[in-house]
$ cat data.cif   # mmCIF, C-alpha atoms
data_target
#
loop_
_atom_site.label_atom_id
_atom_site.label_comp_id
_atom_site.auth_asym_id
_atom_site.auth_seq_id
_atom_site.Cartn_x
_atom_site.Cartn_y
_atom_site.Cartn_z
CA MET A 85 104.10 115.94 88.22
CA LEU A 86 103.50 118.21 85.28
CA ILE A 87 103.10 117.12 81.71
CA THR A 88 105.98 118.68 79.83
CA HIS A 89 106.95 118.73 76.18
CA ASN A 90 109.49 115.99 76.97
CA GLN A 91 106.84 113.60 78.26
CA LYS A 92 105.48 111.05 75.80
CA ILE A 93 101.91 111.70 74.73
CA GLN A 94 99.98 108.77 73.33
CA ILE A 95 97.92 109.40 70.25
CA MET A 96 95.18 106.90 69.54
CA SER A 97 92.41 106.49 67.05
CA THR A 98 88.74 107.01 67.83
CA GLU A 99 88.22 103.26 67.64
CA GLU A 100 90.96 102.69 70.21
CA GLN A 101 89.39 105.30 72.50
CA VAL A 102 85.97 103.65 72.24
CA ALA A 103 87.46 100.23 73.04
CA ILE A 104 89.35 101.62 76.04
CA ARG A 105 86.22 103.39 77.34
CA GLU A 106 84.10 100.26 77.01
CA LYS A 107 86.63 97.97 78.68
CA ASN A 108 87.61 100.28 81.54
CA TYR A 109 84.13 101.65 82.21
CA GLY A 110 82.88 98.09 82.55
CA GLU A 111 85.79 97.20 84.82
CA ALA A 112 85.23 100.25 87.05
CA LEU A 113 81.53 99.40 87.35
CA ARG A 114 82.42 95.81 88.21
CA TYR A 115 84.47 97.11 91.14
CA MET A 116 81.55 99.28 92.24
CA ASP A 117 79.15 96.32 92.04
CA ASN A 118 81.53 94.22 94.14
CA ALA A 119 81.85 97.08 96.64
CA LYS A 120 78.07 97.36 96.99
CA GLU A 121 77.76 93.61 97.58
CA THR A 122 80.47 93.75 100.24
CA LEU A 123 78.83 96.72 101.94
CA LYS A 124 75.62 94.71 102.35
CA LYS A 125 77.57 92.32 104.58
CA ALA A 126 78.44 95.16 106.98
CA GLY A 127 74.94 95.19 108.42
CA LYS A 128 73.18 98.45 109.14
CA GLU A 129 71.18 99.73 112.06
CA ASP A 130 69.77 103.25 112.30
CA ASN A 131 71.89 104.47 109.36
CA TYR A 132 75.15 103.16 110.83
CA TYR A 133 77.14 100.17 109.65
CA SER A 134 77.89 97.49 112.22
CA ASP A 135 81.06 95.86 110.88
CA LYS A 136 84.09 98.02 110.02
CA LYS A 137 85.81 95.18 108.21
CA TYR A 138 83.21 95.11 105.44
CA VAL A 139 83.01 98.90 105.25
CA ARG A 140 86.78 99.08 104.82
CA THR A 141 86.81 96.40 102.15
CA ALA A 142 83.88 97.95 100.27
CA CYS A 143 85.34 101.46 100.33
CA GLY A 144 88.75 100.23 99.21
CA THR A 145 87.18 98.33 96.33
CA ALA A 146 85.08 101.33 95.27
CA TYR A 147 88.12 103.61 95.44
CA HIS A 148 90.03 101.23 93.18
CA GLY A 149 87.17 101.49 90.66
CA VAL A 150 87.63 105.26 90.71
CA LEU A 151 91.38 104.90 90.12
CA ILE A 152 90.61 102.85 87.01
CA ALA A 153 88.38 105.68 85.81
CA LEU A 154 90.99 108.36 86.57
CA ASP A 155 93.74 106.46 84.76
CA THR A 156 91.39 106.01 81.80
CA TYR A 157 90.49 109.71 81.83
CA LEU A 158 94.20 110.57 81.60
CA LEU A 159 94.93 107.91 79.00
CA LEU A 160 92.16 109.26 76.77
CA ARG A 161 93.80 112.67 76.98
CA GLY A 162 97.10 111.28 75.79
CA VAL A 163 98.93 110.88 79.11
CA LYS A 164 101.11 107.80 79.14
CA ILE A 165 99.98 105.64 82.05
CA THR A 166 102.58 103.60 83.88
CA ARG A 167 101.91 100.76 86.27
CA LYS A 168 103.65 102.67 89.05
CA ARG A 169 101.37 103.61 91.93
CA LYS A 170 100.38 107.28 91.72
CA SER A 171 99.66 109.70 94.56
CA ILE A 172 96.47 111.67 94.94
CA GLU A 173 98.57 114.77 94.27
CA TYR A 174 99.53 113.35 90.88
CA TYR A 175 95.89 112.93 89.88
CA LEU A 176 94.90 116.36 91.18
CA GLU A 177 97.77 118.15 89.50
CA THR A 178 97.49 116.33 86.18
CA ILE A 179 93.70 116.41 85.86
CA SER A 180 93.55 120.10 86.82
CA LYS A 181 94.91 120.84 83.33
CA TRP A 182 91.63 119.64 81.79
CA ASP A 183 88.88 119.85 84.37
CA LYS A 184 89.20 121.95 87.52
CA LYS A 185 85.62 121.12 88.57
CA MET A 186 86.57 117.48 88.76
CA LEU A 187 89.09 118.21 91.53
CA ASN A 188 86.39 118.58 94.22
CA GLU A 189 84.99 115.17 93.30
CA ILE A 190 88.43 113.57 93.40
CA ASN A 191 89.12 115.11 96.81
CA SER A 192 85.74 113.94 98.13
CA VAL A 193 86.24 110.37 96.94
CA TYR A 194 89.76 110.31 98.33
CA GLU A 195 88.66 111.56 101.74
CA ILE A 196 85.43 109.58 102.04
CA LEU A 197 86.28 106.27 100.42
CA HIS A 198 90.03 106.03 100.89
CA LEU A 199 90.73 107.79 104.18
CA TRP A 200 87.48 107.61 106.17
CA GLY A 201 86.12 104.42 104.64
CA TYR A 202 89.15 102.26 103.92
CA TYR A 203 91.48 103.40 106.69
CA ASP A 204 89.01 104.37 109.41
CA GLY A 205 86.05 102.10 108.62
CA ILE A 206 83.55 104.91 109.09
CA HIS A 207 80.18 103.74 110.39
CA ASP A 208 77.97 106.53 109.02
CA ALA A 209 76.02 105.11 106.07
CA THR A 210 75.08 108.58 104.76
CA VAL A 211 78.73 109.52 104.38
CA VAL A 212 79.59 106.22 102.68
CA LYS A 213 76.63 106.65 100.31
CA ARG A 214 77.88 110.12 99.39
CA GLY A 215 81.31 108.64 98.61
CA PHE A 216 79.74 106.01 96.36
CA ASP A 217 77.60 108.65 94.60
CA VAL A 218 80.65 110.80 93.84
CA ALA A 219 82.56 107.70 92.72
CA TYR A 220 79.82 106.94 90.18
CA ASN A 221 79.98 110.57 88.96
CA LEU A 222 83.71 110.22 88.32
CA ILE A 223 83.34 106.85 86.63
CA ASP A 224 80.61 108.24 84.38
CA ARG A 225 83.19 110.64 82.90
CA ILE A 226 84.63 107.71 80.94
CA LYS A 227 81.26 106.21 80.04
CA PRO A 228 81.15 105.16 76.40
CA GLU A 229 78.81 107.19 74.23
CA GLU A 230 75.63 105.42 73.29
CA ASN A 231 75.09 104.84 69.58
#
$ encode --input "data.cif" --output "structure tokens"
Amino acid sequence: MLITHNQKIQIMSTEEQVAIREKNYGEALRYMDNAKETLKKAGKEDNYYSDKKYVRTACGTAYHGVLIALDTYLLLRGVKITRKRKSIEYYLETISKWDKKMLNEINSVYEILHLWGYYDGIHDATVVKRGFDVAYNLIDRIKPEEN
């Protein structure tokens, strides 16, 4: 989906942007904290998780935190966000207009956390850690500026 001149662009004040960043950054981090706590329940031996159920739940929760950050990133750039579920292609296509470097991170998080972690319940702790690291990088893009 491309942003066209017919699509509504939201214009907001700096104060509104700061409030949105603070609220959504905190919410995304809350999801990441919950995901880390869940991952602890998976048990680990020799760098491999023991219980797929907890890995799946943790990765799904972390991925949702990233989606909050991606929606916020778009909202701050004036893209009207709807409640309708969006595809990974939507995010890649839309965000590529502002930040092509970000696309690799989005692809990595999608593959690691959503596909391998959530759907497959990957056991390799190194891979899951990499997914969480990239998730934090994406979430930090909406981090409020410190005064």
$ residues_around --input "data.cif" --residues "Tyr109 in chain A" --least-positions-apart "5" --cutoff "10 Å" --atoms "all atoms listed in the file" --output "compact mmCIF listing (two decimals) with C-alpha atoms, in the frame of the given file"
# COMPACT_ATOMS: atom_id res chain seq x y z
CA ALA A 103 87.46 100.23 73.04
CA ILE A 104 89.35 101.62 76.04
CA ARG A 114 82.42 95.81 88.21
CA GLY A 149 87.17 101.49 90.66
CA VAL A 150 87.63 105.26 90.71
CA ILE A 152 90.61 102.85 87.01
CA ALA A 153 88.38 105.68 85.81
CA THR A 156 91.39 106.01 81.80
CA ILE A 223 83.34 106.85 86.63
CA ASP A 224 80.61 108.24 84.38
CA ARG A 225 83.19 110.64 82.90
CA ILE A 226 84.63 107.71 80.94
CA LYS A 227 81.26 106.21 80.04
CA PRO A 228 81.15 105.16 76.40
$ closest_residue --input "data.cif" --among "A:Leu222, A:Val163, A:Ile179, A:Cys143" --to "Glu195 in chain A" --atoms "only C-alpha atoms"
A:Cys143
$ atom_distance --input "data.cif" --atom1 "CA of Thr178 in chain A" --atom2 "CA of Leu159 in chain A"
11.4 Å
$ closest_residue --input "data.cif" --among "A:Ile196, A:Glu189, A:Ile206, A:Tyr147" --to "Val218 in chain A" --atoms "all atoms listed in the file"
A:Glu189
$ residues_around --input "data.cif" --residues "range 120-129 of chain A" --least-positions-apart "3" --cutoff "7 Å" --atoms "only C-alpha atoms" --output "MDAnalysis selection string"
chainID A and resid 116:117 132:135 138:139 142
$ atom_distance --input "data.cif" --atom1 "CA of Asn221 in chain A" --atom2 "CA of Leu187 in chain A"
12.2 Å
$ atom_distance --input "data.cif" --atom1 "CA of Ile190 in chain A" --atom2 "CA of Phe216 in chain A"
11.9 Å
$ closest_residue --input "data.cif" --among "A:Asp204, A:Thr98, A:Ala209, A:Glu230" --to "Lys136 in chain A" --atoms "all atoms listed in the file"
A:Asp204
$ resolve_selection --input "data.cif" --expression "the PyMOL selection byres ((chain A and resi 182) around 12)" --output "PyMOL selection string"
chain A and resi 87+157-158+160-163+175-181+183-187
$ residues_around --input "data.cif" --residues "Val211 in chain A" --least-positions-apart "6" --cutoff "10 Å" --atoms "only C-alpha atoms" --output "list in words"
Asn131, Tyr132, Ile196, Leu197, Trp200, Gly201 and Asp217 of chain A
$ closest_residue --input "data.cif" --among "A:Leu113, A:Asp130, A:Asn118, A:Glu99" --to "Leu151 in chain A" --atoms "only C-alpha atoms"
A:Leu113
$ closest_residue --input "data.cif" --among "A:Gly144, A:Gly215, A:Gly110, A:Gly205" --to "Asn188 in chain A" --atoms "only C-alpha atoms"
A:Gly215
$ axis_aligned_box --input "data.cif" --around "range 101-118 of chain A" --padding-each-side "5 Å" --output "lines of an AutoDock Vina configuration file"
center_x = 84.3
center_y = 99.8
center_z = 83.2
size_x = 20.2
size_y = 21.1
size_z = 31.9
$ closest_residue --input "data.cif" --among "A:Lys107, A:Arg169, A:Lys137, A:His148" --to "His207 in chain A" --atoms "all atoms listed in the file"
A:Lys137
